[in-house]
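Colleague: What follows is entry34.txt, compact mmCIF, C-alpha atoms.
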```
# COMPACT_ATOMS: atom_id res chain seq x y z
CA MET A 1 131.79 125.24 109.63
CA ASP A 2 131.85 121.48 109.31
CA VAL A 3 128.60 119.64 108.81
CA SER A 4 128.03 115.95 108.66
CA VAL A 5 125.76 114.46 106.01
CA LYS A 6 124.01 111.13 106.40
CA ILE A 7 124.00 108.77 103.43
CA PHE A 8 122.07 105.58 102.75
CA SER A 9 121.61 102.65 100.38
CA LEU A 10 123.72 102.88 97.21
CA LEU A 11 125.71 105.89 98.44
CA ARG A 12 126.51 104.20 101.74
CA GLU A 13 127.78 101.15 99.86
CA LYS A 14 129.82 103.25 97.42
CA MET A 15 131.41 105.37 100.11
CA GLY A 16 131.81 102.63 102.74
CA THR A 17 130.46 104.87 105.49
CA ASP A 18 127.11 106.24 106.61
CA GLU A 19 128.19 109.82 107.22
CA LEU A 20 130.28 112.29 105.21
CA ALA A 21 131.95 115.44 106.52
CA VAL A 22 131.75 118.64 104.47
CA SER A 23 133.13 122.12 105.11
CA VAL A 24 130.87 125.01 104.11
CA ASN A 25 130.75 128.74 104.82
CA ASP A 26 129.07 129.86 108.02
CA ASN A 27 126.17 131.37 106.06
CA ALA A 28 125.76 128.37 103.76
CA ILE A 29 122.39 127.33 102.37
CA ALA A 30 121.32 123.78 101.63
CA ASN A 31 122.32 123.96 97.95
CA ASP A 32 125.86 124.88 99.01
CA VAL A 33 126.07 121.62 100.92
CA ILE A 34 125.20 119.68 97.78
CA GLN A 35 127.76 121.59 95.78
CA HIS A 36 130.47 121.03 98.38
CA LEU A 37 129.63 117.35 98.55
CA GLY A 38 130.42 117.12 94.84
CA THR A 39 133.69 119.01 95.23
CA THR A 40 134.83 117.04 98.25
CA TYR A 41 133.65 113.63 97.00
CA PRO A 42 133.81 113.56 93.17
CA GLN A 43 132.61 109.92 93.27
CA LEU A 44 129.19 111.37 94.15
CA LEU A 45 128.96 113.67 91.12
CA GLU A 46 127.03 111.24 88.93
CA TYR A 47 124.36 110.81 91.62
CA LEU A 48 123.94 114.35 92.89
CA PRO A 49 121.66 115.52 90.02
CA TYR A 50 119.09 112.96 91.21
CA ALA A 51 119.57 113.47 94.94
CA ARG A 52 117.59 115.61 97.36
CA LEU A 53 118.83 117.09 100.58
CA ALA A 54 116.88 116.66 103.79
CA VAL A 55 117.34 119.02 106.71
CA ASN A 56 116.05 117.87 110.08
CA CYS A 57 114.01 115.08 108.49
CA THR A 58 112.26 117.39 105.98
CA TYR A 59 112.93 117.68 102.25
CA SER A 60 114.92 120.81 101.62
CA THR A 61 113.97 123.58 99.21
CA GLY A 62 117.68 124.19 98.75
CA GLU A 63 117.48 127.72 100.10
CA GLU A 64 117.44 127.20 103.87
CA LEU A 65 120.33 128.47 105.94
CA ILE A 66 122.27 125.58 107.40
CA ASP A 67 123.26 125.39 111.04
CA GLU A 68 126.03 123.10 112.17
CA ASN A 69 123.60 121.36 114.54
CA ASP A 70 121.15 120.51 111.75
CA GLU A 71 120.66 116.88 110.85
CA ILE A 72 121.47 116.73 107.15
CA ALA A 73 121.05 113.84 104.74
CA ILE A 74 121.49 113.40 101.02
CA LEU A 75 118.82 111.11 99.59
CA LEU A 76 118.60 109.32 96.28
CA PRO A 77 115.07 108.90 94.86
CA SER A 78 113.00 106.67 97.10
CA SER A 79 112.27 103.14 95.97
CA GLY A 80 110.24 101.78 98.86
CA GLY A 81 106.99 99.91 98.48
CA MET B 1 114.36 96.55 117.99
CA ASP B 2 111.52 94.94 116.03
CA LEU B 3 109.39 97.96 115.34
CA ILE B 4 109.66 101.71 115.56
CA GLN B 5 106.33 103.42 115.37
CA ILE B 6 104.15 106.41 116.04
CA LYS B 7 100.67 105.32 117.10
CA GLY B 8 97.94 107.88 117.62
CA GLU B 9 94.17 107.68 117.79
CA HIS B 10 93.69 107.93 114.01
CA VAL B 11 97.09 107.19 112.52
CA TRP B 12 99.56 104.37 113.02
CA VAL B 13 102.85 104.51 111.13
CA GLY B 14 105.72 102.11 111.62
CA LEU B 15 108.94 100.59 110.38
CA ASP B 16 109.14 96.88 111.09
CA PHE B 17 112.27 94.78 111.16
CA GLY B 18 110.29 91.56 110.84
CA LYS B 19 107.08 90.34 109.20
CA LEU B 20 104.28 92.87 108.85
CA SER B 21 101.05 91.93 110.58
CA GLU B 22 97.98 92.39 108.42
CA ASP B 23 95.86 91.35 111.41
CA ASP B 24 97.25 94.16 113.56
CA ALA B 25 96.69 96.66 110.75
CA ARG B 26 93.15 95.41 110.28
CA SER B 27 92.43 95.69 114.02
CA PHE B 28 93.68 99.26 114.17
CA LEU B 29 91.54 100.25 111.18
CA SER B 30 88.37 98.92 112.82
CA HIS B 31 85.86 101.61 113.67
CA GLU B 32 82.18 101.42 114.47
CA ASN B 33 81.32 103.92 111.76
CA ALA B 34 83.53 102.38 109.10
CA GLY B 35 81.61 100.89 106.23
CA ALA B 36 84.81 100.24 104.33
CA VAL B 37 88.30 99.05 105.19
CA CYS B 38 90.84 98.99 102.41
CA ILE B 39 94.35 97.53 102.87
CA PHE B 40 97.05 97.38 100.23
CA ALA B 41 99.95 94.94 100.63
CA GLY B 42 103.03 95.37 98.46
CA THR B 43 104.79 92.00 98.23
CA THR B 44 108.06 90.67 96.85
CA ARG B 45 107.55 89.38 93.32
CA ARG B 46 109.65 86.50 91.98
CA MET B 47 109.43 87.20 88.24
CA THR B 48 109.74 90.61 86.58
CA GLY B 49 109.65 89.80 82.89
CA GLU B 50 112.53 87.33 82.42
CA GLU B 51 114.32 88.42 85.61
CA GLU B 52 114.05 86.17 88.65
CA THR B 53 114.30 87.86 92.02
CA GLN B 54 115.61 85.87 94.97
CA ARG B 55 114.79 88.44 97.65
CA LEU B 56 114.57 92.17 98.29
CA GLU B 57 116.60 94.10 100.84
CA TYR B 58 115.50 97.49 102.07
CA ASP B 59 117.46 100.31 103.64
CA CYS B 60 115.85 103.36 105.19
CA TYR B 61 116.39 106.64 107.02
CA PRO B 62 114.24 105.64 109.99
CA GLU B 63 113.53 108.99 111.66
CA MET B 64 112.64 110.73 108.42
CA ALA B 65 110.72 107.75 107.04
CA LEU B 66 108.41 107.89 110.06
CA ALA B 67 108.08 111.66 109.76
CA GLU B 68 107.20 111.40 106.05
CA MET B 69 104.70 108.63 106.72
CA GLU B 70 103.00 110.88 109.24
CA ARG B 71 102.92 113.76 106.75
CA ILE B 72 101.38 111.52 104.10
CA ALA B 73 98.77 110.28 106.57
CA SER B 74 97.93 113.86 107.55
CA ALA B 75 97.55 114.81 103.89
CA ALA B 76 95.16 111.87 103.39
CA LEU B 77 93.11 112.86 106.44
CA GLU B 78 92.70 116.35 104.99
CA LYS B 79 91.81 115.10 101.54
CA TRP B 80 89.24 112.38 102.38
CA SER B 81 86.78 111.60 105.10
CA LEU B 82 88.57 108.80 106.99
CA HIS B 83 88.39 107.08 110.37
CA ARG B 84 91.82 105.45 110.61
CA ILE B 85 95.05 105.14 108.64
CA VAL B 86 97.86 102.62 108.75
CA VAL B 87 101.21 102.91 106.98
CA HIS B 88 103.81 100.25 107.75
CA HIS B 89 107.00 99.40 105.90
CA ARG B 90 109.34 96.52 106.51
CA THR B 91 113.10 97.00 106.34
CA GLY B 92 115.96 94.55 105.89
CA VAL B 93 115.38 91.33 103.94
CA VAL B 94 111.90 90.63 102.53
CA PRO B 95 111.59 87.12 101.03
CA ILE B 96 109.45 86.22 98.01
CA ALA B 97 105.69 86.61 98.54
CA GLU B 98 106.05 88.43 101.87
CA ALA B 99 104.84 92.00 102.32
CA SER B 100 107.27 94.91 102.36
CA VAL B 101 104.55 97.50 102.83
CA LEU B 102 100.99 97.83 104.10
CA THR B 103 98.85 100.90 103.61
CA GLY B 104 95.30 100.99 104.85
CA ALA B 105 92.40 103.30 105.43
CA SER B 106 88.97 102.94 106.94
CA ALA B 107 86.11 105.23 106.03
CA SER B 108 82.35 105.42 106.18
CA HIS B 109 82.20 104.76 102.45
CA ARG B 110 84.36 102.75 100.08
CA ASP B 111 85.25 105.55 97.64
CA ASP B 112 87.18 107.38 100.36
CA ALA B 113 88.86 104.19 101.61
CA PHE B 114 89.99 103.09 98.13
CA ALA B 115 91.20 106.55 97.11
CA ALA B 116 93.09 107.13 100.35
CA CYS B 117 94.71 103.69 100.26
CA ARG B 118 95.92 104.33 96.70
CA PHE B 119 97.22 107.77 97.62
CA LEU B 120 99.09 106.39 100.65
CA ILE B 121 101.04 103.81 98.65
CA ASP B 122 101.70 106.07 95.65
CA THR B 123 102.91 108.93 97.82
CA LEU B 124 104.96 106.62 100.03
CA LYS B 125 106.82 105.33 96.98
CA ASP B 126 107.56 108.86 95.90
CA ARG B 127 108.53 110.50 99.19
CA VAL B 128 109.38 108.15 102.04
CA PRO B 129 113.17 107.66 102.27
CA ILE B 130 113.31 103.90 101.88
CA TRP B 131 115.39 102.11 99.23
CA LYS B 132 115.02 98.71 97.66
CA LYS B 133 117.80 96.41 96.53
CA GLU B 134 116.92 93.58 94.19
CA ILE B 135 118.92 90.40 94.74
CA TYR B 136 118.51 88.25 91.64
CA ALA B 137 118.52 84.47 91.50
CA ASP B 138 121.77 84.51 89.49
CA GLY B 139 123.56 86.42 92.26
CA ARG B 140 123.49 89.91 90.74
CA SER B 141 122.08 92.75 92.79
CA GLU B 142 121.14 96.38 92.22
CA TRP B 143 119.59 99.30 94.04
CA VAL B 144 116.34 100.12 92.31
CA GLY B 145 115.46 103.57 90.99
CA THR B 146 118.59 105.42 91.98
CA GLY B 147 117.94 107.90 89.20
CA VAL B 148 121.09 106.90 87.37
CA GLY B 149 120.99 105.37 83.90
CA GLU B 150 118.32 102.81 83.05
CA ASN B 151 116.97 102.75 86.58
CA LEU B 152 115.29 106.07 85.95
CA SER B 153 112.26 104.37 84.40
CA THR B 154 111.72 102.39 87.60
CA ARG B 155 111.25 105.59 89.50
CA GLN B 156 108.36 106.81 87.40
CA GLU B 157 106.02 104.10 88.71
CA GLY B 158 105.46 105.92 91.94
CA GLN B 159 104.94 109.47 90.85
CA GLU B 160 101.19 109.86 90.98
CA GLY B 161 101.42 110.60 94.66
CA HIS B 162 102.29 114.18 95.40
CA ILE B 163 102.05 116.49 98.34
CA GLU B 164 103.26 120.03 98.36
CA ASN B 165 106.51 120.43 100.18
```
Go ahead and render the structure in this file as structure tokens.
Modeller:
Amino acid sequence: MDVSVKIFSLLREKMGTDELAVSVNDNAIANDVIQHLGTTYPQLLEYLPYARLAVNCTYSTGEELIDENDEIAILLPSSGG
Amino acid sequence: MDLIQIKGEHVWVGLDFGKLSEDDARSFLSHENAGAVCIFAGTTRRMTGEEETQRLEYDCYPEMALAEMERIASAALEKWSLHRIVVHHRTGVVPIAEASVLTGASASHRDDAFAACRFLIDTLKDRVPIWKKEIYADGRSEWVGTGVGENLSTRQEGQEGHIEN
């Protein structure tokens, strides 16, 4: 299935878009999405070790099953405040 | 769209696209049984060591930022005896000396208000998906605390705040 992954801040600037498409298996878990992001977009590889995935506006444990209707985002460490 | 917010009886969280109102935060925190109101304002600093900042620009994931702010507020309500909580963050450009963030708590006694206010800002910095870009006076710019290279040290400032996920 194809999922779309929201990106922000530095990643949005680097990639020139605010959403990335990734193909994963139908029984993919959140960690698979991160792995496939790295394979599909090697420019992201240096950032992915620091990034966290969010699924439906909640930080992911990495183990959740992903549904194609989930809202998925890859987030660099926060620097608000 | 100037403000997106979730405003309940005890908790008010918001993302503002313009100036934050300390007066509005203060009004919301008012409570007849509050003996203490504590508000923290995080503001744009011109000088960091030898570096001169011209302005900050923030980006955020609005829906999740609000959800995380609510979770942080709920965690504070469980941890301390509080009357009201405010968590507001500004997004977009924040000029020198203006506030990018307000956290506030009112409580019957000051220990709870101080501790909660500190927890709210520390945990916000750690968890709420908002990102800061420093625009320097000499024209350079960088996203702060991306985790890559030297920016890693910047991230460690905000790590006292922690809620189980």
Colleague: May I have the protein, DNA and RNA residues with any atom at most 12 Å from the point (123.6, 122.9, 99.8), counting only C-alpha atoms, written as a PDB file with C-alpha atoms, in the frame of the given file?
Modeller:
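Final output, saved to result.pdb:
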```pdb
ATOM      1  CA  VAL A   3     128.600 119.640 108.810  1.00  0.00           C
ATOM      2  CA  VAL A   5     125.760 114.460 106.010  1.00  0.00           C
ATOM      3  CA  VAL A  22     131.750 118.640 104.470  1.00  0.00           C
ATOM      4  CA  SER A  23     133.130 122.120 105.110  1.00  0.00           C
ATOM      5  CA  VAL A  24     130.870 125.010 104.110  1.00  0.00           C
ATOM      6  CA  ASN A  25     130.750 128.740 104.820  1.00  0.00           C
ATOM      7  CA  ASN A  27     126.170 131.370 106.060  1.00  0.00           C
ATOM      8  CA  ALA A  28     125.760 128.370 103.760  1.00  0.00           C
ATOM      9  CA  ILE A  29     122.390 127.330 102.370  1.00  0.00           C
ATOM     10  CA  ALA A  30     121.320 123.780 101.630  1.00  0.00           C
ATOM     11  CA  ASN A  31     122.320 123.960  97.950  1.00  0.00           C
ATOM     12  CA  ASP A  32     125.860 124.880  99.010  1.00  0.00           C
ATOM     13  CA  VAL A  33     126.070 121.620 100.920  1.00  0.00           C
ATOM     14  CA  ILE A  34     125.200 119.680  97.780  1.00  0.00           C
ATOM     15  CA  GLN A  35     127.760 121.590  95.780  1.00  0.00           C
ATOM     16  CA  HIS A  36     130.470 121.030  98.380  1.00  0.00           C
ATOM     17  CA  LEU A  37     129.630 117.350  98.550  1.00  0.00           C
ATOM     18  CA  GLY A  38     130.420 117.120  94.840  1.00  0.00           C
ATOM     19  CA  THR A  39     133.690 119.010  95.230  1.00  0.00           C
ATOM     20  CA  LEU A  48     123.940 114.350  92.890  1.00  0.00           C
ATOM     21  CA  ALA A  51     119.570 113.470  94.940  1.00  0.00           C
ATOM     22  CA  ARG A  52     117.590 115.610  97.360  1.00  0.00           C
ATOM     23  CA  LEU A  53     118.830 117.090 100.580  1.00  0.00           C
ATOM     24  CA  ALA A  54     116.880 116.660 103.790  1.00  0.00           C
ATOM     25  CA  VAL A  55     117.340 119.020 106.710  1.00  0.00           C
ATOM     26  CA  SER A  60     114.920 120.810 101.620  1.00  0.00           C
ATOM     27  CA  THR A  61     113.970 123.580  99.210  1.00  0.00           C
ATOM     28  CA  GLY A  62     117.680 124.190  98.750  1.00  0.00           C
ATOM     29  CA  GLU A  63     117.480 127.720 100.100  1.00  0.00           C
ATOM     30  CA  GLU A  64     117.440 127.200 103.870  1.00  0.00           C
ATOM     31  CA  LEU A  65     120.330 128.470 105.940  1.00  0.00           C
ATOM     32  CA  ILE A  66     122.270 125.580 107.400  1.00  0.00           C
ATOM     33  CA  ASP A  67     123.260 125.390 111.040  1.00  0.00           C
ATOM     34  CA  ILE A  72     121.470 116.730 107.150  1.00  0.00           C
ATOM     35  CA  ALA A  73     121.050 113.840 104.740  1.00  0.00           C
ATOM     36  CA  ILE A  74     121.490 113.400 101.020  1.00  0.00           C
TER      37      ILE A  74
END
```
Colleague: Find the nearest atom pair between each residue of chain B and chain A for residues within 10 Å, count all atoms listed in the file, give distances in Å to one decimal, sort rows by chain and ascending number, and present the table as a tab-separated table.
Modeller:
```
residue	atom	partner	partner_atom	distance
B:Ala41	CA	A:Gly81	CA	8.9
B:Gly42	CA	A:Gly81	CA	6.0
B:Thr43	CA	A:Gly81	CA	8.2
B:Thr44	CA	A:Gly81	CA	9.4
B:Glu57	CA	A:Ser9	CA	9.9
B:Tyr58	CA	A:Gly80	CA	7.5
B:Asp59	CA	A:Ser9	CA	5.8
B:Cys60	CA	A:Phe8	CA	7.0
B:Tyr61	CA	A:Phe8	CA	7.2
B:Pro62	CA	A:Cys57	CA	9.6
B:Glu63	CA	A:Cys57	CA	6.9
B:Met64	CA	A:Cys57	CA	4.6
B:Ala65	CA	A:Cys57	CA	8.2
B:Leu66	CA	A:Cys57	CA	9.2
B:Ala67	CA	A:Cys57	CA	7.0
B:Glu68	CA	A:Thr58	CA	7.8
B:His88	CA	A:Gly81	CA	9.8
B:His89	CA	A:Gly81	CA	7.4
B:Arg90	CA	A:Gly81	CA	9.0
B:Thr91	CA	A:Gly80	CA	9.3
B:Ala99	CA	A:Gly81	CA	9.1
B:Ser100	CA	A:Gly81	CA	6.3
B:Val101	CA	A:Gly81	CA	5.5
B:Leu102	CA	A:Gly81	CA	8.5
B:Thr103	CA	A:Gly81	CA	9.7
B:Ile121	CA	A:Gly81	CA	7.1
B:Asp122	CA	A:Gly81	CA	8.6
B:Thr123	CA	A:Gly81	CA	9.9
B:Leu124	CA	A:Gly81	CA	7.2
B:Lys125	CA	A:Gly80	CA	5.3
B:Asp126	CA	A:Ser78	CA	6.0
B:Arg127	CA	A:Ser78	CA	6.2
B:Val128	CA	A:Ser78	CA	6.3
B:Pro129	CA	A:Ser78	CA	5.3
B:Ile130	CA	A:Gly80	CA	4.8
B:Trp131	CA	A:Ser79	CA	4.6
B:Lys132	CA	A:Ser79	CA	5.5
B:Lys133	CA	A:Ser9	CA	8.3
B:Glu142	CA	A:Leu10	CA	8.6
B:Trp143	CA	A:Leu10	CA	6.3
B:Val144	CA	A:Ser79	CA	6.3
B:Gly145	CA	A:Ser79	CA	5.9
B:Thr146	CA	A:Pro77	CA	5.7
B:Gly147	CA	A:Tyr50	CA	5.6
B:Val148	CA	A:Tyr47	CA	6.6
B:Gly149	CA	A:Glu46	CA	9.8
B:Leu152	CA	A:Pro77	CA	9.4
B:Thr154	CA	A:Ser79	CA	8.4
B:Arg155	CA	A:Ser79	CA	7.0
B:Glu157	CA	A:Ser79	CA	9.6
B:Gly158	CA	A:Ser79	CA	8.4
B:Asn165	CA	A:Tyr59	CA	7.3
```
Colleague: Pick the closest to A:Met1 from A:Asp26, A:Asp70, A:Thr40, A:Glu13: which is it, counting only C-alpha atoms?
Modeller: A:Asp26
Colleague: Kindly give the distance, in Å, that separates atom CA of B:Ala73 and atom CA of B:Leu20, rounded to a single decimal.
Modeller: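 Between atom CA of B:Ala73 and atom CA of B:Leu20 the gap is 18.4 Å.
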Colleague: Enter the distance from atom CA of B:Phe28 to atom CA of B:Lys79, in Å, rounded to one decimal.
Modeller: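 Those two atoms sit 20.3 Å apart.
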Colleague: Considering all atoms listed in the file, return as a PyMOL selection string whatever protein or nucleic-acid residues lie within 6 Å of B:Ala107, sequence-local ones (same chain, fewer than 3 positions apart) excluded.
Modeller: chain B and resi 34+36+82-83+113
Colleague: Hey, can you check how far atom CA of B:Glu32 sits from atom CA of B:Val86?
Modeller: 16.7 Å
Colleague: Find the residue from B:Leu120, B:Val87, B:Val37, B:Leu56 that sits nearest to B:Arg140; use only C-alpha atoms when measuring.
Modeller: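 Of the candidates, the smallest distance to B:Arg140 is held by B:Leu56.
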Colleague: With a distance cut-off of 6 Å and all atoms listed in the file, select the neighbouring residues of B:Ile135, excluding the residue or stretch itself and same-chain residues fewer than 3 positions from it, and output the selection as a list in words.
Modeller: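 Skipping anything fewer than 3 positions along the chain leaves Thr53, Gln54, Arg55, Leu56 and Ser141 of chain B.
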Colleague: With 3 Å added on each side, what axis-aligned box encloses every listed atom of stretch 20-37 of chain A? Give the centre and edge lengths in Å to one decimal, as lines of an AutoDock Vina configuration file.
Modeller:
```
center_x = 127.2
center_y = 121.8
center_z = 101.9
size_x = 17.8
size_y = 25.1
size_z = 18.2
```
